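The structure file entry-v9.cif is reproduced below (mmCIF, N, CA and C atoms).
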data_coords
#
loop_
_atom_site.label_atom_id
_atom_site.label_comp_id
_atom_site.auth_asym_id
_atom_site.auth_seq_id
_atom_site.Cartn_x
_atom_site.Cartn_y
_atom_site.Cartn_z
N GLN I 1 103.12 87.46 92.02
CA GLN I 1 104.09 88.55 92.12
C GLN I 1 103.59 89.57 93.13
N VAL I 2 104.44 89.91 94.07
CA VAL I 2 104.08 90.86 95.11
C VAL I 2 104.32 92.28 94.58
N GLN I 3 103.32 93.12 94.77
CA GLN I 3 103.47 94.51 94.36
C GLN I 3 102.98 95.43 95.47
N LEU I 4 103.69 96.53 95.65
CA LEU I 4 103.31 97.55 96.61
C LEU I 4 103.28 98.88 95.88
N VAL I 5 102.18 99.60 96.02
CA VAL I 5 102.03 100.88 95.34
C VAL I 5 101.68 101.94 96.37
N GLU I 6 102.60 102.87 96.57
CA GLU I 6 102.40 103.95 97.53
C GLU I 6 101.77 105.16 96.86
N SER I 7 101.07 105.93 97.66
CA SER I 7 100.49 107.17 97.18
C SER I 7 100.31 108.11 98.36
N GLY I 8 100.10 109.39 98.04
CA GLY I 8 99.76 110.35 99.09
C GLY I 8 100.86 111.32 99.45
N GLY I 9 102.04 111.18 98.89
CA GLY I 9 103.10 112.12 99.21
C GLY I 9 102.83 113.49 98.61
N GLY I 10 103.67 114.45 98.98
CA GLY I 10 103.51 115.78 98.44
C GLY I 10 104.23 116.81 99.26
N LEU I 11 103.89 118.05 99.00
CA LEU I 11 104.48 119.20 99.70
C LEU I 11 103.50 119.69 100.76
N VAL I 12 104.00 119.90 101.96
CA VAL I 12 103.15 120.36 103.06
C VAL I 12 103.95 121.34 103.90
N GLN I 13 103.27 122.30 104.49
CA GLN I 13 103.94 123.26 105.35
C GLN I 13 104.24 122.67 106.71
N PRO I 14 105.24 123.18 107.39
CA PRO I 14 105.52 122.72 108.76
C PRO I 14 104.28 122.85 109.63
N GLY I 15 104.05 121.82 110.42
CA GLY I 15 102.85 121.77 111.25
C GLY I 15 101.66 121.15 110.58
N GLY I 16 101.77 120.90 109.29
CA GLY I 16 100.66 120.31 108.54
C GLY I 16 100.60 118.80 108.67
N SER I 17 99.64 118.23 107.94
CA SER I 17 99.41 116.79 107.99
C SER I 17 99.39 116.20 106.59
N LEU I 18 99.67 114.91 106.54
CA LEU I 18 99.67 114.19 105.28
C LEU I 18 99.38 112.72 105.57
N SER I 19 98.68 112.08 104.65
CA SER I 19 98.42 110.65 104.81
C SER I 19 98.99 109.89 103.63
N LEU I 20 99.71 108.85 103.90
CA LEU I 20 100.26 107.97 102.88
C LEU I 20 99.48 106.66 102.86
N SER I 21 99.36 106.10 101.67
CA SER I 21 98.72 104.80 101.51
C SER I 21 99.66 103.87 100.76
N CYS I 22 99.49 102.59 101.02
CA CYS I 22 100.29 101.58 100.32
C CYS I 22 99.38 100.39 100.05
N ALA I 23 99.08 100.17 98.79
CA ALA I 23 98.23 99.05 98.39
C ALA I 23 99.10 97.86 98.03
N VAL I 24 98.75 96.70 98.57
CA VAL I 24 99.58 95.51 98.41
C VAL I 24 98.80 94.43 97.66
N SER I 25 99.46 93.78 96.74
CA SER I 25 98.86 92.64 96.05
C SER I 25 99.87 91.50 96.00
N GLY I 26 99.36 90.27 95.89
CA GLY I 26 100.23 89.12 95.78
C GLY I 26 100.65 88.50 97.10
N ARG I 27 100.11 88.99 98.21
CA ARG I 27 100.40 88.44 99.53
C ARG I 27 99.09 88.24 100.28
N THR I 28 99.14 87.30 101.26
CA THR I 28 98.00 87.17 102.18
C THR I 28 98.12 88.30 103.18
N PHE I 29 97.45 89.40 102.88
CA PHE I 29 97.70 90.65 103.59
C PHE I 29 97.37 90.56 105.08
N SER I 30 96.34 89.78 105.42
CA SER I 30 95.90 89.74 106.82
C SER I 30 96.92 89.10 107.75
N THR I 31 97.88 88.38 107.21
CA THR I 31 98.93 87.78 108.05
C THR I 31 100.30 88.35 107.70
N THR I 32 100.32 89.50 107.06
CA THR I 32 101.58 90.14 106.67
C THR I 32 101.80 91.39 107.50
N ALA I 33 102.89 91.39 108.26
CA ALA I 33 103.28 92.61 108.96
C ALA I 33 103.75 93.64 107.93
N MET I 34 103.50 94.90 108.22
CA MET I 34 103.87 95.97 107.29
C MET I 34 104.70 97.03 108.00
N GLY I 35 105.52 97.69 107.25
CA GLY I 35 106.33 98.75 107.82
C GLY I 35 106.45 99.94 106.88
N TRP I 36 106.74 101.08 107.49
CA TRP I 36 107.08 102.29 106.74
C TRP I 36 108.50 102.70 107.12
N PHE I 37 109.28 103.01 106.11
CA PHE I 37 110.64 103.51 106.29
C PHE I 37 110.76 104.81 105.51
N ARG I 38 111.83 105.55 105.76
CA ARG I 38 112.06 106.76 104.99
C ARG I 38 113.56 106.95 104.77
N GLN I 39 113.86 107.68 103.71
CA GLN I 39 115.26 107.98 103.41
C GLN I 39 115.36 109.41 102.95
N ALA I 40 116.12 110.19 103.71
CA ALA I 40 116.37 111.58 103.36
C ALA I 40 117.65 111.65 102.53
N PRO I 41 117.82 112.71 101.74
CA PRO I 41 119.03 112.84 100.92
C PRO I 41 120.29 112.76 101.75
N GLY I 42 121.20 111.90 101.33
CA GLY I 42 122.47 111.77 102.01
C GLY I 42 122.43 110.97 103.30
N LYS I 43 121.27 110.38 103.60
CA LYS I 43 121.13 109.61 104.84
C LYS I 43 120.71 108.18 104.51
N GLU I 44 120.91 107.32 105.50
CA GLU I 44 120.49 105.94 105.33
C GLU I 44 118.98 105.81 105.54
N ARG I 45 118.44 104.75 104.98
CA ARG I 45 117.02 104.47 105.19
C ARG I 45 116.79 104.18 106.67
N GLU I 46 115.72 104.73 107.23
CA GLU I 46 115.44 104.52 108.64
C GLU I 46 113.99 104.08 108.87
N PHE I 47 113.83 103.36 109.92
CA PHE I 47 112.52 102.86 110.32
C PHE I 47 111.63 104.00 110.80
N VAL I 48 110.35 103.95 110.43
CA VAL I 48 109.39 104.94 110.88
C VAL I 48 108.30 104.30 111.74
N ALA I 49 107.64 103.29 111.19
CA ALA I 49 106.52 102.67 111.92
C ALA I 49 106.27 101.28 111.36
N ALA I 50 105.66 100.43 112.18
CA ALA I 50 105.36 99.07 111.75
C ALA I 50 104.08 98.59 112.42
N ILE I 51 103.46 97.61 111.79
CA ILE I 51 102.20 97.08 112.32
C ILE I 51 102.14 95.58 112.06
N SER I 52 101.56 94.86 112.99
CA SER I 52 101.46 93.41 112.86
C SER I 52 100.41 93.03 111.80
N GLY I 53 100.42 91.78 111.39
CA GLY I 53 99.49 91.32 110.37
C GLY I 53 98.04 91.57 110.73
N SER I 54 97.70 91.30 111.98
CA SER I 54 96.33 91.51 112.43
C SER I 54 95.98 92.98 112.59
N GLY I 55 97.01 93.81 112.71
CA GLY I 55 96.80 95.23 112.94
C GLY I 55 96.70 95.59 114.40
N GLY I 56 96.82 94.60 115.27
CA GLY I 56 96.62 94.85 116.69
C GLY I 56 97.83 95.40 117.43
N ARG I 57 98.99 95.28 116.83
CA ARG I 57 100.20 95.77 117.49
C ARG I 57 100.95 96.72 116.56
N ARG I 58 101.47 97.78 117.14
CA ARG I 58 102.16 98.80 116.36
C ARG I 58 103.44 99.21 117.05
N GLY I 59 104.40 99.65 116.25
CA GLY I 59 105.63 100.17 116.82
C GLY I 59 106.06 101.41 116.03
N TYR I 60 106.72 102.33 116.73
CA TYR I 60 107.12 103.59 116.11
C TYR I 60 108.56 103.95 116.46
N ALA I 61 109.21 104.64 115.54
CA ALA I 61 110.48 105.26 115.87
C ALA I 61 110.21 106.41 116.83
N ASP I 62 111.21 106.76 117.62
CA ASP I 62 111.03 107.86 118.58
C ASP I 62 110.61 109.14 117.86
N SER I 63 111.14 109.35 116.67
CA SER I 63 110.84 110.56 115.91
C SER I 63 109.39 110.62 115.46
N ALA I 64 108.72 109.47 115.43
CA ALA I 64 107.35 109.39 114.95
C ALA I 64 106.31 109.30 116.07
N LYS I 65 106.73 108.93 117.24
CA LYS I 65 105.79 108.73 118.35
C LYS I 65 105.02 110.01 118.66
N GLY I 66 103.73 109.85 118.79
CA GLY I 66 102.88 110.99 119.12
C GLY I 66 102.46 111.84 117.94
N ARG I 67 103.10 111.63 116.79
CA ARG I 67 102.77 112.43 115.61
C ARG I 67 102.25 111.58 114.45
N PHE I 68 102.79 110.37 114.32
CA PHE I 68 102.42 109.49 113.20
C PHE I 68 101.58 108.33 113.71
N THR I 69 100.67 107.88 112.85
CA THR I 69 99.85 106.71 113.17
C THR I 69 99.82 105.76 111.99
N ILE I 70 100.20 104.53 112.24
CA ILE I 70 100.12 103.50 111.21
C ILE I 70 98.85 102.69 111.42
N SER I 71 98.19 102.35 110.33
CA SER I 71 96.99 101.53 110.41
C SER I 71 96.93 100.61 109.20
N LYS I 72 96.03 99.64 109.29
CA LYS I 72 96.00 98.59 108.28
C LYS I 72 94.56 98.19 108.04
N ASP I 73 94.14 98.17 106.79
CA ASP I 73 92.81 97.72 106.43
C ASP I 73 92.96 96.42 105.65
N ASN I 74 92.74 95.32 106.35
CA ASN I 74 92.96 94.03 105.70
C ASN I 74 91.92 93.72 104.62
N ALA I 75 90.79 94.38 104.67
CA ALA I 75 89.78 94.18 103.64
C ALA I 75 90.17 94.86 102.33
N LYS I 76 90.99 95.90 102.45
CA LYS I 76 91.42 96.66 101.26
C LYS I 76 92.87 96.39 100.90
N ASN I 77 93.53 95.50 101.64
CA ASN I 77 94.95 95.20 101.40
C ASN I 77 95.79 96.47 101.36
N THR I 78 95.52 97.36 102.29
CA THR I 78 96.19 98.66 102.29
C THR I 78 96.68 99.02 103.69
N VAL I 79 97.86 99.58 103.74
CA VAL I 79 98.42 100.11 104.98
C VAL I 79 98.54 101.62 104.82
N TYR I 80 98.33 102.33 105.93
CA TYR I 80 98.32 103.78 105.91
C TYR I 80 99.34 104.33 106.90
N LEU I 81 99.78 105.54 106.63
CA LEU I 81 100.59 106.27 107.59
C LEU I 81 100.04 107.69 107.65
N ARG I 82 99.45 108.01 108.78
CA ARG I 82 98.94 109.35 109.00
C ARG I 82 100.01 110.15 109.73
N MET I 83 100.39 111.28 109.14
CA MET I 83 101.48 112.08 109.71
C MET I 83 100.94 113.46 110.08
N ASN I 84 101.03 113.80 111.34
CA ASN I 84 100.60 115.09 111.83
C ASN I 84 101.80 115.88 112.35
N SER I 85 101.59 117.18 112.54
CA SER I 85 102.64 118.05 113.10
C SER I 85 103.96 117.85 112.37
N LEU I 86 103.92 117.87 111.07
CA LEU I 86 105.11 117.57 110.27
C LEU I 86 106.16 118.65 110.44
N LYS I 87 107.41 118.21 110.39
CA LYS I 87 108.57 119.08 110.55
C LYS I 87 109.43 119.00 109.30
N PRO I 88 110.25 120.01 109.05
CA PRO I 88 111.15 119.94 107.89
C PRO I 88 112.03 118.68 107.90
N GLU I 89 112.41 118.24 109.07
CA GLU I 89 113.26 117.04 109.15
C GLU I 89 112.52 115.75 108.80
N ASP I 90 111.21 115.83 108.59
CA ASP I 90 110.46 114.67 108.11
C ASP I 90 110.55 114.53 106.58
N THR I 91 111.16 115.50 105.94
CA THR I 91 111.31 115.45 104.49
C THR I 91 112.14 114.24 104.09
N ALA I 92 111.59 113.40 103.22
CA ALA I 92 112.25 112.17 102.81
C ALA I 92 111.39 111.46 101.78
N VAL I 93 111.97 110.44 101.18
CA VAL I 93 111.17 109.49 100.40
C VAL I 93 110.70 108.42 101.37
N TYR I 94 109.41 108.17 101.38
CA TYR I 94 108.82 107.19 102.28
C TYR I 94 108.50 105.91 101.52
N TYR I 95 108.88 104.78 102.13
CA TYR I 95 108.68 103.48 101.52
C TYR I 95 107.84 102.58 102.44
N CYS I 96 106.94 101.83 101.85
CA CYS I 96 106.28 100.78 102.61
C CYS I 96 106.93 99.45 102.24
N ALA I 97 106.80 98.48 103.13
CA ALA I 97 107.43 97.19 102.91
C ALA I 97 106.65 96.08 103.59
N THR I 98 106.75 94.88 103.04
CA THR I 98 106.07 93.72 103.61
C THR I 98 107.03 92.91 104.46
N GLY I 99 106.58 92.53 105.64
CA GLY I 99 107.40 91.72 106.51
C GLY I 99 107.56 90.30 105.98
N ARG I 100 108.71 89.71 106.26
CA ARG I 100 108.96 88.34 105.79
C ARG I 100 108.05 87.35 106.49
N GLY I 101 107.59 86.39 105.73
CA GLY I 101 106.80 85.32 106.31
C GLY I 101 105.42 85.77 106.73
N SER I 102 104.88 85.00 107.66
CA SER I 102 103.53 85.24 108.15
C SER I 102 103.60 85.70 109.60
N SER I 103 102.88 86.77 109.92
CA SER I 103 102.94 87.29 111.28
C SER I 103 101.63 87.96 111.65
N ASN I 104 100.87 87.32 112.51
CA ASN I 104 99.64 87.94 113.00
C ASN I 104 99.90 88.93 114.11
N LEU I 105 100.86 88.59 114.98
CA LEU I 105 101.00 89.33 116.22
C LEU I 105 102.28 90.15 116.32
N SER I 106 103.22 89.93 115.43
CA SER I 106 104.49 90.62 115.54
C SER I 106 104.65 91.69 114.47
N TYR I 107 105.45 92.70 114.80
CA TYR I 107 105.86 93.66 113.79
C TYR I 107 107.38 93.74 113.84
N TYR I 108 107.96 94.35 112.83
CA TYR I 108 109.41 94.31 112.69
C TYR I 108 109.98 95.72 112.60
N LEU I 109 111.19 95.88 113.13
CA LEU I 109 111.82 97.19 113.20
C LEU I 109 112.97 97.37 112.22
N ARG I 110 113.50 96.28 111.70
CA ARG I 110 114.73 96.35 110.91
C ARG I 110 114.44 96.07 109.45
N SER I 111 115.16 96.75 108.57
CA SER I 111 114.87 96.64 107.14
C SER I 111 115.09 95.23 106.62
N TYR I 112 116.02 94.47 107.20
CA TYR I 112 116.27 93.12 106.69
C TYR I 112 115.15 92.15 107.03
N GLU I 113 114.23 92.57 107.85
CA GLU I 113 113.07 91.74 108.19
C GLU I 113 111.93 91.94 107.18
N TYR I 114 112.17 92.76 106.18
CA TYR I 114 111.19 93.03 105.15
C TYR I 114 111.68 92.52 103.81
N ASP I 115 110.76 92.01 102.99
CA ASP I 115 111.21 91.39 101.74
C ASP I 115 110.79 92.13 100.48
N TYR I 116 109.67 92.78 100.48
CA TYR I 116 109.25 93.52 99.29
C TYR I 116 109.02 94.98 99.67
N TRP I 117 109.38 95.86 98.72
CA TRP I 117 109.34 97.29 98.98
C TRP I 117 108.59 98.00 97.87
N GLY I 118 107.93 99.09 98.25
CA GLY I 118 107.31 99.94 97.26
C GLY I 118 108.34 100.83 96.58
N GLN I 119 107.87 101.62 95.64
CA GLN I 119 108.76 102.47 94.85
C GLN I 119 109.11 103.77 95.58
N GLY I 120 108.38 104.07 96.63
CA GLY I 120 108.64 105.27 97.40
C GLY I 120 107.77 106.43 96.97
N THR I 121 107.47 107.30 97.93
CA THR I 121 106.71 108.51 97.65
C THR I 121 107.37 109.67 98.39
N GLN I 122 107.54 110.77 97.69
CA GLN I 122 108.27 111.91 98.26
C GLN I 122 107.37 112.71 99.19
N VAL I 123 107.88 113.01 100.37
CA VAL I 123 107.23 113.92 101.31
C VAL I 123 108.18 115.08 101.55
N THR I 124 107.71 116.28 101.29
CA THR I 124 108.52 117.48 101.49
C THR I 124 107.78 118.41 102.44
N VAL I 125 108.46 118.76 103.53
CA VAL I 125 107.88 119.67 104.51
C VAL I 125 108.66 120.98 104.45
N SER I 126 107.99 121.99 103.96
CA SER I 126 108.69 123.25 103.74
C SER I 126 107.69 124.39 103.66
N SER I 127 108.12 125.56 104.11
CA SER I 127 107.27 126.73 103.99
C SER I 127 107.59 127.50 102.71
#
Output the file's structure as structure tokens, nothing else.
Amino acid sequence: QVQLVESGGGLVQPGGSLSLSCAVSGRTFSTTAMGWFRQAPGKEREFVAAISGSGGRRGYADSAKGRFTISKDNAKNTVYLRMNSLKPEDTAVYYCATGRGSSNLSYYLRSYEYDYWGQGTQVTVSS
């Protein structure tokens, strides 16, 4: 059974930083691409960042480029999202997800390319 457990959300002031973690079990993590998505109230879920199974390739939404960093520790079966220079518009529930199949070199941008999802962790950016 595949399980994803996110942690690290919370309340942060504008301009602050936050790190999210997602621990994965039940998959061969080293060949699993991972992604982070977010959903704000009243909006559709949107792509934030993704990383290939090996961790060597990464992709970001325009809104995340230069501020967010996705990383992957295959020894700990954990994917991270480091968020800097946070803005109120980053407020959302953040979800991690596992990419379908096996992928050492590719990452995915679309939600339908992911098969298992975490429960989500709330990030609120407010003064």
*Quick one: which residues end up in the PyMOL selection byres ((chain I and resi 78) around 5) for this structure, as a VMD selection string?*
chain I and resid 22 to 24 72 to 73 76 to 77 79 to 80
Box in all listed atoms of stretch 100-108 of chain I, axis-aligned, with 6 Å more on each side; write out centre and edge lengths in Å to one decimal as AutoDock Vina command-line options.
--center_x 104.8 --center_y 90.4 --center_z 111.0 --size_x 22.3 --size_y 22.7 --size_z 22.6
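For the set I:Val12, I:Leu109, I:Ala33, I:Ala50, the residue with the smallest atom-to-atom gap to I:Asp90 is I:Val12, counting only C-alpha atoms.
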I need the output of the PyMOL selection byres ((chain I and resi 1) around 5) for this file as an mmCIF file with N, CA and C atoms, in the frame of the given file; which residues are they?
data_model
loop_
_atom_site.group_PDB
_atom_site.id
_atom_site.type_symbol
_atom_site.label_atom_id
_atom_site.label_comp_id
_atom_site.auth_asym_id
_atom_site.auth_seq_id
_atom_site.Cartn_x
_atom_site.Cartn_y
_atom_site.Cartn_z
ATOM 1 N N VAL I 2 104.440 89.910 94.070
ATOM 2 C CA VAL I 2 104.080 90.860 95.110
ATOM 3 C C VAL I 2 104.320 92.280 94.580
ATOM 4 N N GLN I 3 103.320 93.120 94.770
ATOM 5 C CA GLN I 3 103.470 94.510 94.360
ATOM 6 C C GLN I 3 102.980 95.430 95.470
ATOM 7 N N GLY I 26 99.360 90.270 95.890
ATOM 8 C CA GLY I 26 100.230 89.120 95.780
ATOM 9 C C GLY I 26 100.650 88.500 97.100
#
*Using atom N of I:Tyr114 and atom N of I:Ser17 as the two end points, give the distance in Å to one decimal.*
28.4 Å
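The gap separating atom C of I:Pro41 from atom N of I:Pro88 is 14.4 Å, in Å to one decimal.
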Find the nearest atom pair between each residue of stretch 87-114 of chain I and stretch 5-11 of chain I for residues within 8 Å, count all atoms listed in the file, give distances in Å to one decimal, sort rows by chain and ascending number, and present the table as JSON lines.
{"residue": "I:Tyr94", "atom": "C", "partner": "I:Glu6", "partner_atom": "CA", "distance": 7.5}
{"residue": "I:Tyr95", "atom": "C", "partner": "I:Glu6", "partner_atom": "CA", "distance": 7.5}
{"residue": "I:Cys96", "atom": "N", "partner": "I:Glu6", "partner_atom": "CA", "distance": 6.6}
*If you run DSSP on the backbone, which residues of chain I are strand (DSSP E), as number ranges by chain?*
I: 3-7, 10-12, 18-25, 34-39, 46-51, 58-60, 68-73, 78-83, 92-99, 114-117, 121-125
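Nearest to I:Gly16 of all the residues I:Val48, I:Met83, I:Ala75, I:Leu105 is I:Met83, counting only C-alpha atoms.
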*Compile the contact shell of I:Gly15 as a list in words: residues with an atom at most 8 Å away, counting only C-alpha atoms, same-chain residues fewer than 6 positions apart removed.*
Asn84, Ser85, Leu86 and Lys87 of chain I
Those residues you just picked out, can you put them in a file as a JSON list (two decimals), keeping the file's coordinate frame with N, CA and C atoms?
[["chain", "number", "residue", "atom", "x", "y", "z"],
["I", 84, "ASN", "N", 101.03, 113.80, 111.34],
["I", 84, "ASN", "CA", 100.60, 115.09, 111.83],
["I", 84, "ASN", "C", 101.80, 115.88, 112.35],
["I", 85, "SER", "N", 101.59, 117.18, 112.54],
["I", 85, "SER", "CA", 102.64, 118.05, 113.10],
["I", 85, "SER", "C", 103.96, 117.85, 112.37],
["I", 86, "LEU", "N", 103.92, 117.87, 111.07],
["I", 86, "LEU", "CA", 105.11, 117.57, 110.27],
["I", 86, "LEU", "C", 106.16, 118.65, 110.44],
["I", 87, "LYS", "N", 107.41, 118.21, 110.39],
["I", 87, "LYS", "CA", 108.57, 119.08, 110.55],
["I", 87, "LYS", "C", 109.43, 119.00, 109.30]]
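Atom CA of I:Thr98 to atom N of I:Asp115 spans 5.0 Å [interatomic distance, one decimal].
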*Expand the PyMOL selection byres (((chain I and resi 31 and name CA) around 9) and name CA) into the individual residues it matches in the shown file, reporting them as number ranges by chain.*
I: 27-30, 32-33, 52-54, 74, 101-105
Write the selection just made, keeping N, CA and C atoms, as a JSON list (two decimals), in the frame of the given file?
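again21.json, written as the output of this step:
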[["chain", "number", "residue", "atom", "x", "y", "z"],
["I", 27, "ARG", "N", 100.11, 88.99, 98.21],
["I", 27, "ARG", "CA", 100.40, 88.44, 99.53],
["I", 27, "ARG", "C", 99.09, 88.24, 100.28],
["I", 28, "THR", "N", 99.14, 87.30, 101.26],
["I", 28, "THR", "CA", 98.00, 87.17, 102.18],
["I", 28, "THR", "C", 98.12, 88.30, 103.18],
["I", 29, "PHE", "N", 97.45, 89.40, 102.88],
["I", 29, "PHE", "CA", 97.70, 90.65, 103.59],
["I", 29, "PHE", "C", 97.37, 90.56, 105.08],
["I", 30, "SER", "N", 96.34, 89.78, 105.42],
["I", 30, "SER", "CA", 95.90, 89.74, 106.82],
["I", 30, "SER", "C", 96.92, 89.10, 107.75],
["I", 32, "THR", "N", 100.32, 89.50, 107.06],
["I", 32, "THR", "CA", 101.58, 90.14, 106.67],
["I", 32, "THR", "C", 101.80, 91.39, 107.50],
["I", 33, "ALA", "N", 102.89, 91.39, 108.26],
["I", 33, "ALA", "CA", 103.28, 92.61, 108.96],
["I", 33, "ALA", "C", 103.75, 93.64, 107.93],
["I", 52, "SER", "N", 101.56, 94.86, 112.99],
["I", 52, "SER", "CA", 101.46, 93.41, 112.86],
["I", 52, "SER", "C", 100.41, 93.03, 111.80],
["I", 53, "GLY", "N", 100.42, 91.78, 111.39],
["I", 53, "GLY", "CA", 99.49, 91.32, 110.37],
["I", 53, "GLY", "C", 98.04, 91.57, 110.73],
["I", 54, "SER", "N", 97.70, 91.30, 111.98],
["I", 54, "SER", "CA", 96.33, 91.51, 112.43],
["I", 54, "SER", "C", 95.98, 92.98, 112.59],
["I", 74, "ASN", "N", 92.74, 95.32, 106.35],
["I", 74, "ASN", "CA", 92.96, 94.03, 105.70],
["I", 74, "ASN", "C", 91.92, 93.72, 104.62],
["I", 101, "GLY", "N", 107.59, 86.39, 105.73],
["I", 101, "GLY", "CA", 106.80, 85.32, 106.31],
["I", 101, "GLY", "C", 105.42, 85.77, 106.73],
["I", 102, "SER", "N", 104.88, 85.00, 107.66],
["I", 102, "SER", "CA", 103.53, 85.24, 108.15],
["I", 102, "SER", "C", 103.60, 85.70, 109.60],
["I", 103, "SER", "N", 102.88, 86.77, 109.92],
["I", 103, "SER", "CA", 102.94, 87.29, 111.28],
["I", 103, "SER", "C", 101.63, 87.96, 111.65],
["I", 104, "ASN", "N", 100.87, 87.32, 112.51],
["I", 104, "ASN", "CA", 99.64, 87.94, 113.00],
["I", 104, "ASN", "C", 99.90, 88.93, 114.11],
["I", 105, "LEU", "N", 100.86, 88.59, 114.98],
["I", 105, "LEU", "CA", 101.00, 89.33, 116.22],
["I", 105, "LEU", "C", 102.28, 90.15, 116.32]]
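Minimum atom-to-atom distances from I:Leu81, I:Thr91, I:Ile70, I:Ser25 to I:Ser127 were compared using only C-alpha atoms, and the lowest value belongs to I:Thr91.
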*Between I:Glu113, I:Ser19, I:Ser106, I:Glu89, which is the closest to I:Ala40 once you count only C-alpha atoms?*
I:Glu89
_Long-range neighbours of I:Ala61 as JSON, numbers by chain, 7 Å cut-off, only C-alpha atoms, 2 positions minimum in chain_ = {"I": [47, 48, 49, 63, 64, 65]}
*Go through I:Asp62, I:Ser126, I:Tyr112, I:Ile51 one by one, measure the shortest atom-to-atom distance of each to I:Gly35 using only C-alpha atoms, and give the residue with the smallest value.*
I:Ile51
Residues near I:Ala92, cut-off 6.5 Å, all atoms listed in the file, skip fewer than 3 positions along chain, as a PDB file with N, CA and C atoms, in the coordinates of the input:
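Final output, part37.pdb:
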ATOM      1  N   ARG I  38     111.830 105.550 105.760  1.00  0.00           N
ATOM      2  CA  ARG I  38     112.060 106.760 104.990  1.00  0.00           C
ATOM      3  C   ARG I  38     113.560 106.950 104.770  1.00  0.00           C
ATOM      4  N   GLN I  39     113.860 107.680 103.710  1.00  0.00           N
ATOM      5  CA  GLN I  39     115.260 107.980 103.410  1.00  0.00           C
ATOM      6  C   GLN I  39     115.360 109.410 102.950  1.00  0.00           C
ATOM      7  N   ALA I  40     116.120 110.190 103.710  1.00  0.00           N
ATOM      8  CA  ALA I  40     116.370 111.580 103.360  1.00  0.00           C
ATOM      9  C   ALA I  40     117.650 111.650 102.530  1.00  0.00           C
ATOM     10  N   PRO I  41     117.820 112.710 101.740  1.00  0.00           N
ATOM     11  CA  PRO I  41     119.030 112.840 100.920  1.00  0.00           C
ATOM     12  C   PRO I  41     120.290 112.760 101.750  1.00  0.00           C
ATOM     13  N   GLU I  89     112.410 118.240 109.070  1.00  0.00           N
ATOM     14  CA  GLU I  89     113.260 117.040 109.150  1.00  0.00           C
ATOM     15  C   GLU I  89     112.520 115.750 108.800  1.00  0.00           C
ATOM     16  N   THR I 121     107.470 107.300  97.930  1.00  0.00           N
ATOM     17  CA  THR I 121     106.710 108.510  97.650  1.00  0.00           C
ATOM     18  C   THR I 121     107.370 109.670  98.390  1.00  0.00           C
ATOM     19  N   GLN I 122     107.540 110.770  97.690  1.00  0.00           N
ATOM     20  CA  GLN I 122     108.270 111.910  98.260  1.00  0.00           C
ATOM     21  C   GLN I 122     107.370 112.710  99.190  1.00  0.00           C
ATOM     22  N   VAL I 123     107.880 113.010 100.370  1.00  0.00           N
ATOM     23  CA  VAL I 123     107.230 113.920 101.310  1.00  0.00           C
ATOM     24  C   VAL I 123     108.180 115.080 101.550  1.00  0.00           C
ATOM     25  N   THR I 124     107.710 116.280 101.290  1.00  0.00           N
ATOM     26  CA  THR I 124     108.520 117.480 101.490  1.00  0.00           C
ATOM     27  C   THR I 124     107.780 118.410 102.440  1.00  0.00           C
ATOM     28  N   VAL I 125     108.460 118.760 103.530  1.00  0.00           N
ATOM     29  CA  VAL I 125     107.880 119.670 104.510  1.00  0.00           C
ATOM     30  C   VAL I 125     108.660 120.980 104.450  1.00  0.00           C
TER      31      VAL I 125
END
